[in-house]
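Visitor: Structure file structure_0.txt, compact mmCIF, C-alpha atoms, is pasted below:
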```txt
# COMPACT_ATOMS: atom_id res chain seq x y z
CA MET A 111 -63.28 47.94 -33.03
CA LEU A 112 -63.24 44.72 -30.95
CA THR A 113 -61.16 42.96 -33.61
CA ARG A 114 -58.62 45.78 -33.60
CA LEU A 115 -58.47 45.77 -29.80
CA ARG A 116 -57.81 42.01 -29.73
CA SER A 117 -55.03 42.50 -32.26
CA ASP A 118 -53.45 45.46 -30.45
CA PHE A 119 -53.52 43.79 -27.03
CA ALA A 120 -52.80 40.20 -28.04
CA ASP A 121 -49.34 40.37 -26.48
CA THR A 122 -50.38 42.34 -23.39
CA PRO A 123 -49.08 40.78 -20.15
CA ARG A 124 -51.62 38.73 -18.21
CA GLN A 125 -51.00 41.02 -15.28
CA PHE A 126 -52.78 43.83 -17.12
CA TRP A 127 -55.91 41.67 -17.24
CA LEU A 128 -55.52 40.81 -13.55
CA MET A 129 -55.57 44.58 -12.90
CA PHE A 130 -58.49 44.98 -15.30
CA PHE A 131 -60.76 42.45 -13.56
CA GLY A 132 -59.49 43.26 -10.07
CA MET A 133 -60.35 46.90 -10.54
CA MET A 134 -63.76 45.99 -11.95
CA PHE A 135 -64.90 43.84 -9.04
CA SER A 136 -63.36 45.94 -6.26
CA THR A 137 -65.00 49.05 -7.71
CA ILE A 138 -68.44 47.45 -7.50
CA GLY A 139 -67.96 47.35 -3.73
CA THR A 140 -66.56 50.85 -3.24
CA THR A 141 -69.12 52.56 -5.47
CA MET A 142 -71.93 50.99 -3.46
CA ILE A 143 -70.82 53.46 -0.76
CA TRP A 144 -68.86 56.42 -2.12
CA PRO A 145 -71.63 58.26 -4.05
CA PHE A 146 -73.83 58.09 -0.93
CA LEU A 147 -71.21 58.75 1.73
CA MET A 148 -72.17 62.40 2.23
CA ILE A 149 -75.83 61.41 2.66
CA TYR A 150 -74.83 58.83 5.29
CA ALA A 151 -72.56 61.27 7.12
CA SER A 152 -75.10 64.09 6.93
CA GLU A 153 -77.93 61.96 8.32
CA THR A 154 -75.74 60.33 10.98
CA LEU A 155 -74.15 63.55 12.25
CA SER A 156 -76.98 66.10 11.63
CA LEU A 157 -74.46 68.88 10.96
CA PRO A 158 -74.35 71.74 8.35
CA LEU A 159 -73.36 70.76 4.82
CA ALA A 160 -70.06 72.66 4.94
CA THR A 161 -69.08 70.80 8.13
CA VAL A 162 -69.96 67.42 6.66
CA ALA A 163 -68.12 68.28 3.42
CA SER A 164 -65.02 69.07 5.49
CA LEU A 165 -64.68 65.32 6.03
CA MET A 166 -63.78 65.07 2.36
CA THR A 167 -61.20 67.79 2.86
CA ILE A 168 -59.61 65.76 5.65
CA ASN A 169 -59.61 62.65 3.45
CA ALA A 170 -58.13 64.59 0.54
CA GLY A 171 -55.55 66.32 2.74
CA THR A 172 -54.09 63.08 4.07
CA GLY A 173 -54.25 61.75 0.52
CA MET A 174 -52.10 64.65 -0.64
CA VAL A 175 -49.43 63.86 1.95
CA SER A 176 -49.57 60.18 1.03
CA ALA A 177 -49.33 60.88 -2.70
CA ILE A 178 -46.20 62.99 -2.20
CA LEU A 179 -44.56 60.20 -0.18
CA ALA A 180 -45.88 57.45 -2.45
CA GLY A 181 -43.94 58.60 -5.51
CA PRO A 182 -40.43 58.11 -4.08
CA VAL A 183 -41.48 54.86 -2.37
CA ILE A 184 -42.89 53.44 -5.60
CA ASP A 185 -39.78 54.51 -7.54
CA ARG A 186 -37.49 52.98 -4.91
CA VAL A 187 -39.31 49.91 -3.54
CA GLY A 188 -41.65 49.02 -6.37
CA ARG A 189 -45.25 49.15 -7.51
CA LYS A 190 -46.72 45.86 -6.28
CA TRP A 191 -46.33 46.24 -2.52
CA ALA A 192 -47.57 49.82 -2.57
CA MET A 193 -50.72 48.67 -4.34
CA VAL A 194 -51.30 45.77 -1.93
CA VAL A 195 -50.85 47.92 1.18
CA GLY A 196 -53.10 50.60 -0.30
CA LEU A 197 -55.90 48.14 -1.02
CA PHE A 198 -55.69 46.46 2.39
CA GLY A 199 -55.70 49.80 4.24
CA ALA A 200 -58.59 51.25 2.25
CA GLY A 201 -60.58 48.03 2.74
CA MET A 202 -60.15 48.12 6.52
CA GLY A 203 -61.30 51.75 6.47
CA TYR A 204 -64.73 50.72 5.20
CA PHE A 205 -65.12 48.11 7.94
CA LEU A 206 -64.30 50.74 10.58
CA LEU A 207 -66.54 53.37 8.98
CA SER A 208 -69.55 51.12 9.46
CA ARG A 209 -69.20 51.69 13.23
CA ALA A 210 -68.60 55.46 13.18
CA ASN A 211 -71.24 57.72 14.76
CA THR A 212 -69.41 60.96 15.67
CA TYR A 213 -67.66 63.65 13.63
CA ALA A 214 -64.34 62.77 15.31
CA ALA A 215 -64.70 59.10 14.37
CA PHE A 216 -65.57 59.94 10.75
CA ALA A 217 -62.65 62.37 10.55
CA LEU A 218 -60.17 59.86 12.01
CA ILE A 219 -61.25 57.00 9.74
CA LEU A 220 -61.54 59.04 6.54
CA GLY A 221 -58.25 60.75 7.32
CA SER A 222 -56.53 57.41 7.80
CA SER A 223 -58.17 55.94 4.68
CA GLY A 224 -56.92 58.88 2.66
CA MET A 225 -53.36 57.73 3.31
CA PHE A 226 -53.92 54.44 1.49
CA GLY A 227 -55.71 55.40 -1.72
CA PRO A 228 -52.73 57.12 -3.42
CA LEU A 229 -50.50 54.08 -2.82
CA TYR A 230 -52.80 52.00 -4.98
CA ASN A 231 -53.63 54.70 -7.54
CA VAL A 232 -50.07 55.88 -8.17
CA GLY A 233 -48.81 52.29 -8.18
CA THR A 234 -51.43 51.36 -10.78
CA ASP A 235 -50.54 54.27 -13.07
CA ALA A 236 -46.82 53.48 -12.82
CA MET A 237 -47.28 49.73 -13.29
CA LEU A 238 -49.39 50.23 -16.40
CA ALA A 239 -46.79 52.61 -17.88
CA ASP A 240 -44.09 50.01 -17.10
CA MET A 241 -45.94 47.25 -18.94
CA ILE A 242 -47.46 49.06 -21.94
CA PRO A 243 -45.48 50.75 -24.77
CA MET A 244 -45.96 54.49 -25.22
CA GLU A 245 -47.98 54.17 -28.43
CA LYS A 246 -50.56 51.92 -26.71
CA ARG A 247 -50.85 53.71 -23.37
CA ALA A 248 -53.88 55.87 -24.17
CA ASP A 249 -55.82 52.76 -25.19
CA ALA A 250 -54.60 50.86 -22.11
CA TYR A 251 -55.66 53.66 -19.76
CA ALA A 252 -59.01 53.73 -21.58
CA LEU A 253 -59.48 49.99 -21.03
CA LEU A 254 -58.61 50.27 -17.35
CA ARG A 255 -61.12 53.11 -17.02
CA MET A 256 -63.68 50.93 -18.74
CA ALA A 257 -63.08 48.20 -16.14
CA HIS A 258 -63.42 50.76 -13.35
CA ASN A 259 -66.69 51.98 -14.80
CA VAL A 260 -68.17 48.55 -15.23
CA GLY A 261 -67.90 48.48 -11.45
CA VAL A 262 -69.28 52.02 -11.18
CA ALA A 263 -72.24 51.03 -13.35
CA ALA A 264 -73.18 48.14 -11.09
CA GLY A 265 -72.13 49.57 -7.72
CA PRO A 266 -74.39 52.63 -7.23
CA ALA A 267 -77.46 50.87 -8.64
CA LEU A 268 -76.82 47.95 -6.28
CA GLY A 269 -75.88 50.31 -3.47
CA GLY A 270 -79.14 52.24 -3.80
CA PHE A 271 -81.05 49.08 -2.90
CA VAL A 272 -78.62 47.72 -0.30
CA LEU A 273 -78.08 51.02 1.52
CA ALA A 274 -81.79 51.74 1.73
CA ARG A 275 -81.85 48.72 4.05
CA SER A 276 -78.40 48.75 5.69
CA TYR A 277 -75.37 50.98 5.19
CA ARG A 278 -73.35 48.57 7.33
CA PHE A 279 -73.72 45.65 4.90
CA GLY A 280 -72.75 47.89 2.02
CA MET A 281 -69.57 48.95 3.80
CA TYR A 282 -68.69 45.33 4.56
CA GLY A 283 -69.02 44.58 0.83
CA ALA A 284 -66.80 47.53 -0.11
CA GLY A 285 -64.08 46.50 2.34
CA ALA A 286 -64.18 42.86 1.26
CA GLY A 287 -63.86 43.77 -2.43
CA LEU A 288 -60.73 45.87 -1.88
CA ILE A 289 -59.04 43.26 0.33
CA ALA A 290 -59.84 40.48 -2.16
CA TYR A 291 -58.17 42.44 -4.97
CA GLY A 292 -55.17 43.09 -2.73
CA LEU A 293 -54.82 39.36 -2.10
CA ALA A 294 -54.99 38.65 -5.84
CA LEU A 295 -52.13 41.08 -6.47
CA LEU A 296 -50.16 39.68 -3.55
CA PHE A 297 -50.21 36.12 -4.86
CA PHE A 298 -50.38 36.52 -8.65
CA ALA A 299 -48.76 39.84 -9.65
CA ARG A 300 -45.07 40.42 -10.35
CA GLU A 301 -43.08 43.58 -9.74
CA THR A 302 -42.70 45.76 -12.86
CA LEU A 303 -40.18 48.33 -11.64
CA PRO A 304 -37.69 48.57 -14.56
CA GLU A 305 -34.21 47.19 -13.90
CA GLY A 306 -31.75 49.81 -12.75
CA VAL A 307 -34.42 52.29 -11.63
CA ALA A 308 -34.33 51.14 -8.00
CA THR A 309 -30.55 51.53 -7.71
CA GLU A 310 -30.77 55.15 -6.52
CA LYS A 311 -29.26 55.01 -3.00
CA SER A 312 -30.43 58.35 -1.57
CA ASN A 313 -32.63 58.45 1.52
CA LEU A 314 -36.27 59.52 1.48
CA LEU A 315 -35.35 63.21 1.65
CA GLY A 316 -33.06 62.78 -1.33
CA GLN A 317 -35.81 60.93 -3.19
CA LEU A 318 -38.26 63.74 -2.44
CA ARG A 319 -35.84 66.18 -4.08
CA GLY A 320 -36.51 64.28 -7.29
CA TYR A 321 -39.82 66.13 -7.46
CA TRP A 322 -37.85 69.25 -8.41
CA THR A 323 -37.44 67.87 -11.94
CA ALA A 324 -41.20 67.55 -12.31
CA LEU A 325 -41.85 70.97 -10.78
CA GLN A 326 -39.53 72.56 -13.37
CA ASP A 327 -41.27 70.75 -16.26
CA ARG A 328 -43.59 73.50 -17.48
CA PRO A 329 -45.79 71.36 -19.79
CA PHE A 330 -46.24 68.79 -17.02
CA MET A 331 -47.03 71.37 -14.33
CA GLY A 332 -49.35 73.13 -16.76
CA LEU A 333 -51.22 69.84 -17.06
CA VAL A 334 -51.34 69.47 -13.27
CA GLY A 335 -52.78 72.97 -12.82
CA ALA A 336 -55.39 72.63 -15.56
CA PHE A 337 -56.43 69.16 -14.45
CA THR A 338 -56.81 70.37 -10.85
CA LEU A 339 -59.31 73.01 -11.97
CA LEU A 340 -61.21 70.42 -14.01
CA HIS A 341 -61.35 68.11 -11.00
CA MET A 342 -62.66 70.94 -8.82
CA THR A 343 -65.80 71.07 -10.93
CA ALA A 344 -66.05 67.28 -11.09
CA SER A 345 -65.51 66.72 -7.35
CA MET A 346 -68.14 69.31 -6.48
CA ILE A 347 -70.65 67.37 -8.55
CA TRP A 348 -69.63 63.94 -7.26
CA VAL A 349 -69.59 64.96 -3.59
CA LEU A 350 -72.49 67.43 -3.27
CA PHE A 351 -74.89 66.38 -6.04
CA SER A 352 -76.57 63.53 -4.13
CA VAL A 353 -77.16 65.74 -1.06
CA TYR A 354 -78.53 68.56 -3.25
CA LEU A 355 -81.00 66.27 -5.02
CA LYS A 356 -82.24 64.66 -1.80
CA THR A 357 -82.59 67.84 0.28
CA GLN A 358 -83.96 70.11 -2.45
CA TYR A 359 -86.01 67.72 -4.59
CA GLY A 360 -86.58 64.62 -2.44
CA ILE A 361 -84.70 62.36 -4.87
CA SER A 362 -83.74 59.22 -2.94
CA GLU A 363 -80.50 57.22 -2.97
CA GLN A 364 -82.17 54.58 -5.14
CA VAL A 365 -83.11 57.11 -7.83
CA TYR A 366 -79.86 59.08 -7.59
CA GLY A 367 -77.92 55.83 -8.05
CA TRP A 368 -78.87 55.85 -11.72
CA LEU A 369 -76.84 59.03 -12.33
CA PRO A 370 -73.41 57.51 -11.54
CA THR A 371 -74.63 54.36 -13.25
CA THR A 372 -75.28 56.41 -16.40
CA ASN A 373 -71.77 57.83 -16.14
CA ALA A 374 -70.30 54.37 -15.81
CA LEU A 375 -72.29 52.81 -18.64
CA MET A 376 -71.24 55.59 -20.99
CA VAL A 377 -67.60 54.92 -20.13
CA VAL A 378 -68.06 51.16 -20.55
CA PHE A 379 -69.67 51.44 -23.98
CA PHE A 380 -68.00 54.53 -25.44
CA GLN A 381 -64.61 55.12 -23.75
CA VAL A 382 -62.45 53.03 -26.06
CA LEU A 383 -64.33 54.27 -29.14
CA VAL A 384 -63.97 57.95 -28.16
CA THR A 385 -60.28 57.52 -27.34
CA ARG A 386 -59.70 55.93 -30.76
CA MET A 387 -61.63 58.68 -32.55
CA MET A 388 -59.58 61.40 -30.83
CA LYS A 389 -56.21 59.77 -31.52
CA LYS A 390 -55.53 61.76 -34.69
CA TYR A 391 -55.77 65.09 -32.85
CA PRO A 392 -53.03 66.66 -30.67
CA ASP A 393 -53.16 65.85 -26.95
CA VAL A 394 -53.69 69.37 -25.63
CA GLN A 395 -56.32 70.19 -28.23
CA VAL A 396 -58.32 67.10 -27.26
CA MET A 397 -58.09 67.92 -23.54
CA THR A 398 -59.24 71.50 -24.17
CA TRP A 399 -62.26 70.32 -26.15
CA GLY A 400 -63.24 67.86 -23.43
CA THR A 401 -62.98 70.46 -20.66
CA VAL A 402 -65.63 72.65 -22.30
CA PHE A 403 -68.23 70.07 -21.22
CA TYR A 404 -67.29 70.73 -17.58
CA VAL A 405 -68.59 74.27 -18.02
CA PHE A 406 -72.00 73.22 -19.34
CA ALA A 407 -72.63 70.35 -16.90
CA PRO A 408 -73.01 72.52 -13.74
CA LEU A 409 -74.94 75.16 -15.72
CA THR A 410 -77.43 72.44 -16.65
CA ILE A 411 -77.84 71.62 -12.94
CA VAL A 412 -78.59 75.30 -12.22
CA LEU A 413 -81.31 75.37 -14.88
CA SER A 414 -82.90 72.02 -13.95
CA ASN A 415 -85.62 71.15 -11.47
CA ARG A 416 -86.50 67.63 -12.64
CA PHE A 417 -84.63 64.35 -12.66
CA LEU A 418 -84.31 64.37 -16.48
CA GLY A 419 -82.40 67.65 -16.36
CA PHE A 420 -80.05 66.34 -13.68
CA TRP A 421 -79.52 63.18 -15.72
CA LEU A 422 -78.64 65.33 -18.75
CA ALA A 423 -76.05 67.22 -16.66
CA MET A 424 -74.37 63.91 -15.79
CA VAL A 425 -74.37 62.91 -19.48
CA ILE A 426 -72.72 66.20 -20.45
CA MET A 427 -70.00 65.87 -17.81
CA THR A 428 -69.38 62.27 -18.81
CA VAL A 429 -68.82 63.23 -22.45
CA GLY A 430 -66.07 65.56 -21.25
CA GLU A 431 -64.63 62.80 -19.09
CA LEU A 432 -64.54 60.40 -22.05
CA VAL A 433 -62.55 62.89 -24.07
CA VAL A 434 -60.14 64.18 -21.41
CA VAL A 435 -59.21 61.57 -18.83
CA PRO A 436 -57.44 58.71 -20.66
CA ARG A 437 -55.62 61.18 -22.88
CA SER A 438 -54.39 63.18 -19.89
CA SER A 439 -53.17 60.04 -18.09
CA ALA A 440 -51.20 58.94 -21.14
CA TYR A 441 -49.87 62.49 -21.64
CA ALA A 442 -48.62 62.60 -18.04
CA ALA A 443 -47.01 59.14 -18.29
CA ASN A 444 -45.31 60.02 -21.57
CA LEU A 445 -43.82 63.19 -20.08
CA ALA A 446 -42.40 61.27 -17.09
CA PRO A 447 -38.75 60.09 -17.13
CA VAL A 448 -38.56 56.34 -16.42
CA ASP A 449 -36.59 56.80 -13.19
CA LYS A 450 -39.07 59.37 -11.86
CA ARG A 451 -42.30 57.86 -13.14
CA GLY A 452 -43.72 57.29 -9.67
CA ARG A 453 -43.06 60.88 -8.64
CA TYR A 454 -44.55 62.34 -11.82
CA MET A 455 -47.66 60.19 -11.48
CA SER A 456 -47.90 61.15 -7.79
CA LEU A 457 -48.10 64.83 -8.72
CA TYR A 458 -50.59 64.00 -11.46
CA GLY A 459 -52.69 62.03 -8.96
CA LEU A 460 -52.62 64.95 -6.51
CA THR A 461 -54.93 66.87 -8.82
CA TRP A 462 -57.93 64.95 -7.51
CA ASN A 463 -56.84 65.21 -3.84
CA VAL A 464 -56.30 68.97 -4.08
CA ALA A 465 -59.61 69.47 -5.88
CA ALA A 466 -61.57 67.20 -3.52
CA GLY A 467 -60.02 68.96 -0.54
CA ILE A 468 -61.00 72.45 -1.67
CA SER A 469 -64.01 72.33 -3.95
CA PRO A 470 -66.70 70.52 -1.87
CA VAL A 471 -66.06 72.71 1.18
CA LEU A 472 -66.20 75.88 -0.93
CA GLY A 473 -69.38 74.56 -2.53
CA GLY A 474 -70.86 73.83 0.90
CA LEU A 475 -70.01 77.33 2.16
CA VAL A 476 -71.51 78.93 -0.95
CA SER A 477 -74.63 76.81 -0.52
CA ASP A 478 -75.02 77.64 3.17
CA ARG A 479 -74.49 81.40 2.71
CA ILE A 480 -75.99 82.16 -0.73
CA GLY A 481 -78.31 79.36 -1.70
CA PRO A 482 -78.43 75.71 -2.81
CA ARG A 483 -78.03 76.51 -6.52
CA ALA A 484 -75.03 78.79 -6.08
CA PRO A 485 -72.37 76.03 -5.99
CA TRP A 486 -73.24 74.96 -9.53
CA THR A 487 -72.71 78.47 -10.92
CA PHE A 488 -69.41 78.51 -9.04
CA GLY A 489 -68.54 75.14 -10.60
CA ALA A 490 -69.19 76.47 -14.10
CA VAL A 491 -66.82 79.39 -13.49
CA ILE A 492 -64.10 76.97 -12.34
CA GLY A 493 -64.72 74.86 -15.45
CA LEU A 494 -64.20 77.94 -17.62
CA LEU A 495 -60.89 78.62 -15.84
CA ALA A 496 -59.89 75.02 -16.62
CA VAL A 497 -60.55 75.59 -20.33
CA LEU A 498 -58.33 78.68 -20.27
CA ALA A 499 -55.62 76.73 -18.41
CA PHE A 500 -55.58 74.01 -21.06
CA ARG A 501 -55.29 76.67 -23.76
CA ARG A 502 -52.29 78.03 -21.86
CA LEU A 503 -50.84 74.51 -21.74
CA LYS A 504 -50.84 74.49 -25.54
CA LYS A 505 -48.49 77.50 -25.48
CA TYR A 506 -46.12 75.63 -23.14
CA GLN A 507 -46.11 72.67 -25.50
CA VAL A 508 -45.44 74.81 -28.56
CA SER A 509 -42.57 76.63 -26.82
CA LYS A 510 -41.01 73.33 -25.70
CA GLU A 511 -41.24 71.86 -29.21
CA ALA A 512 -39.64 75.03 -30.60
CA ALA A 513 -36.79 74.80 -28.08
CA ILE A 514 -36.15 71.15 -29.01
CA SER A 515 -36.13 71.91 -32.75
```
Write out the structure in this file as structure tokens.
Guide:
Amino acid sequence: MLTRLRSDFADTPRQFWLMFFGMMFSTIGTTMIWPFLMIYASETLSLPLATVASLMTINAGTGMVSAILAGPVIDRVGRKWAMVVGLFGAGMGYFLLSRANTYAAFALILGSSGMFGPLYNVGTDAMLADMIPMEKRADAYALLRMAHNVGVAAGPALGGFVLARSYRFGMYGAGAGLIAYGLALLFFARETLPEGVATEKSNLLGQLRGYWTALQDRPFMGLVGAFTLLHMTASMIWVLFSVYLKTQYGISEQVYGWLPTTNALMVVFFQVLVTRMMKKYPDVQVMTWGTVFYVFAPLTIVLSNRFLGFWLAMVIMTVGELVVVPRSSAYAANLAPVDKRGRYMSLYGLTWNVAAGISPVLGGLVSDRIGPRAPWTFGAVIGLLAVLAFRRLKKYQVSKEAAIS
């Protein structure tokens, strides 16, 4: 496998490897904080879970606005500067968050930070698609996810120890990692926007109209809808799981940290292998198979009352992630016209913002009104809807292929 990877990526631009290592080290910093952010906010503010979870809705809501604007900007101005600004802004957000002690302060900082994340994420997806040929994109997205998850493997485990002593130092580390990566891109990366793509002279409103092409693309919008449902289950687990384990079972940040670390290690060691194994199967079929695991992961949480059961739930969800995520990123990039790649990837990136804005708050309301285990049953139902949506996407794909033939 390693020999084949070296052969396939021997001519890959050095900039890809700059992105690979930059993502790895910056993610170590951010994942020291993000899995534990709801615990920090909950303990600092002493408010109901649904109220605390609404902070994620604010963050996701501003991220949605930013993602919509980011697509035309990235298609017009370029990928590099959007990524640099996004990293700098997100890094400063962590420094400011270390001083927050009221709901209004948390809301303002997380809302502002939400504006910067999509600039980096959409820019990264577009830049990778610019640099890597279509036939290698699934593997390239898998490698970039592997880099991200090397950071995720180290970050929460390190964060569990650091944050038990000082959340402030952890936030300083997260901010510094993002800004350092931004500086590396600023000085060493080149712009990858294809020649001729930036010649469109329309204003921002005219550029925004370019989304109409994507909205009329039924296979692409089918992917967006199905992936949003999948992310609703995933975001509920990522946002509420740590609070659930601490409040219901007394599982500390240090112990919980091994769950995201398990997720990350599985991606590091198995992502490229799983992506290669699935290559011979059709895109939509692979994504449907992977989504089934998002039904069983929350059901396992419902049935568990010990750490081993919760760990197994994370393993199950991660298997689905290994199957679905790189393939869906490549599928979205391959559907995107070159001159609208930023806008297509913006809509694709919105799936997480929409899901993170809706799902944790709904989960918090269900928990507050019905019981602490109810959100996980709700998450399983959403996962089942995602499976059905991917099956529907297969019909869109078949009809489009028939129309072309």
Visitor: Mind checking which residues fall within 9 Å of Arg300 of chain A, counting only C-alpha atoms, ignoring those fewer than 3 positions away in the same chain, and posting them as a ChimeraX atom specification?
Guide: /A:125,190,295-297
Visitor: As lines of an AutoDock Vina configuration file, please: the centre and edge lengths in Å, to one decimal, of an axis-aligned box enclosing every listed atom of segment 434-439 of chain A with 4 Å added on each side.
Guide:
```
center_x = -56.7
center_y = 61.4
center_z = -20.5
size_x = 15.0
size_y = 13.5
size_z = 12.8
```
Visitor: Neighbouring residues of Ala490 of chain A were defined as those with any atom within 9 Å, considering all atoms listed in the file; residues of the same chain fewer than 2 positions away were excluded. Please report them as a list in words.
Guide: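 Non-adjacent residues within range: Thr343, Tyr404, Val405, Phe406, Ala407, Pro408, Leu409, Pro485, Trp486, Thr487, Phe488, Ile492, Gly493, Leu494 and Leu495 of chain A.
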Visitor: Identify which of the residues A:Ala440, A:Ala163, A:Val175, A:Met424 lies closest to Ile347 of chain A, counting all atoms listed in the file when measuring atom-to-atom distances.
Guide: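 Checking each candidate against Ile347 of chain A, we get A:Met424 as the closest.
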Visitor: Would you please work out which residue, of A:Ala374, A:Leu218, A:Leu303, A:Leu155, is nearest to Met241 of chain A when using all atoms listed in the file?
Guide: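 Of the candidates, the smallest distance to Met241 of chain A is held by A:Leu303.
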Visitor: I'd like to know which of A:Ile178, A:Val425, A:Ala214, A:Ala264 is closest to Gly367 of chain A, using all atoms listed in the file.
Guide: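 Ranked by minimum distance to Gly367 of chain A, first place goes to A:Ala264.
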Visitor: What does the structure give for the distance between atom CA of Val377 of chain A and atom CA of Val262 of chain A, in Å to one decimal?
Guide: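 If I compute the distance from atom CA of Val377 of chain A to atom CA of Val262 of chain A, I get 9.6 Å.
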Visitor: Using all atoms listed in the file, pick whichever of A:Phe146, A:Tyr291, A:Phe226, A:Phe403 has the shortest atom-to-atom distance to Pro370 of chain A.
Guide: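 Ranking A:Phe146, A:Tyr291, A:Phe226, A:Phe403 by distance to Pro370 of chain A, first place goes to A:Phe146.
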Visitor: Quick one, how far is atom CA of Asn444 of chain A from atom CA of Pro329 of chain A?
Guide: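 Here the two named atoms are 11.5 Å from each other.
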Visitor: A:Ala250, A:Leu207, A:Val434, A:Ala160: which is nearest Phe279 of chain A, counting only C-alpha atoms?
Guide: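 Closest to Phe279 of chain A, using only C-alpha atoms: A:Leu207.
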Visitor: I'd like the neighbourhood of segment 463-475 of chain A as a ChimeraX atom specification, where a residue qualifies if any of its atoms comes within 6 Å (using only C-alpha atoms), though same-chain residues fewer than 5 positions away should be ignored.
Guide: /A:159-160,163-164,167,170,174,338,341-342,345-346,485
Visitor: Could you list, as JSON, numbers by chain, every residue within 12 Å of Glu153 of chain A, counting all atoms listed in the file and ignoring same-chain residues fewer than 4 positions away?
Guide: {"A": [146, 147, 148, 149, 157, 158, 159, 162, 211, 212, 213, 277, 353, 356, 357]}
Visitor: Sorted by chain and rising residue number, which residues of segment 359-440 of chain A lie within 9 Å of segment 268-272 of chain A, and what are their closest atom pairs and distances in Å to one decimal, counting all atoms listed in the file, as a tab-separated table?
Guide:
```
residue	atom	partner	partner_atom	distance
A:Ser362	CA	A:Gly270	CA	8.4
A:Glu363	CA	A:Gly270	CA	5.2
A:Gln364	CA	A:Gly270	CA	4.1
A:Val365	CA	A:Gly270	CA	7.5
A:Tyr366	CA	A:Gly270	CA	7.9
A:Gly367	CA	A:Gly270	CA	5.7
A:Trp368	CA	A:Gly270	CA	8.7
```
Visitor: What is the distance between atom CA of Gly400 of chain A and atom CA of Ala499 of chain A, in Å to one decimal?
Guide: 12.7 Å
Visitor: Considering all atoms listed in the file, state which residue in the set A:Trp421, A:Phe135, A:Tyr391, A:Phe205 is at the smallest distance from Ala263 of chain A.
Guide: A:Phe135
Visitor: Name all residues at most 7 Å from Met455 of chain A (count all atoms listed in the file; drop same-chain ones fewer than 3 positions away) and give them as a ChimeraX atom specification.
Guide: /A:232,235-236,443,451-452,458-459
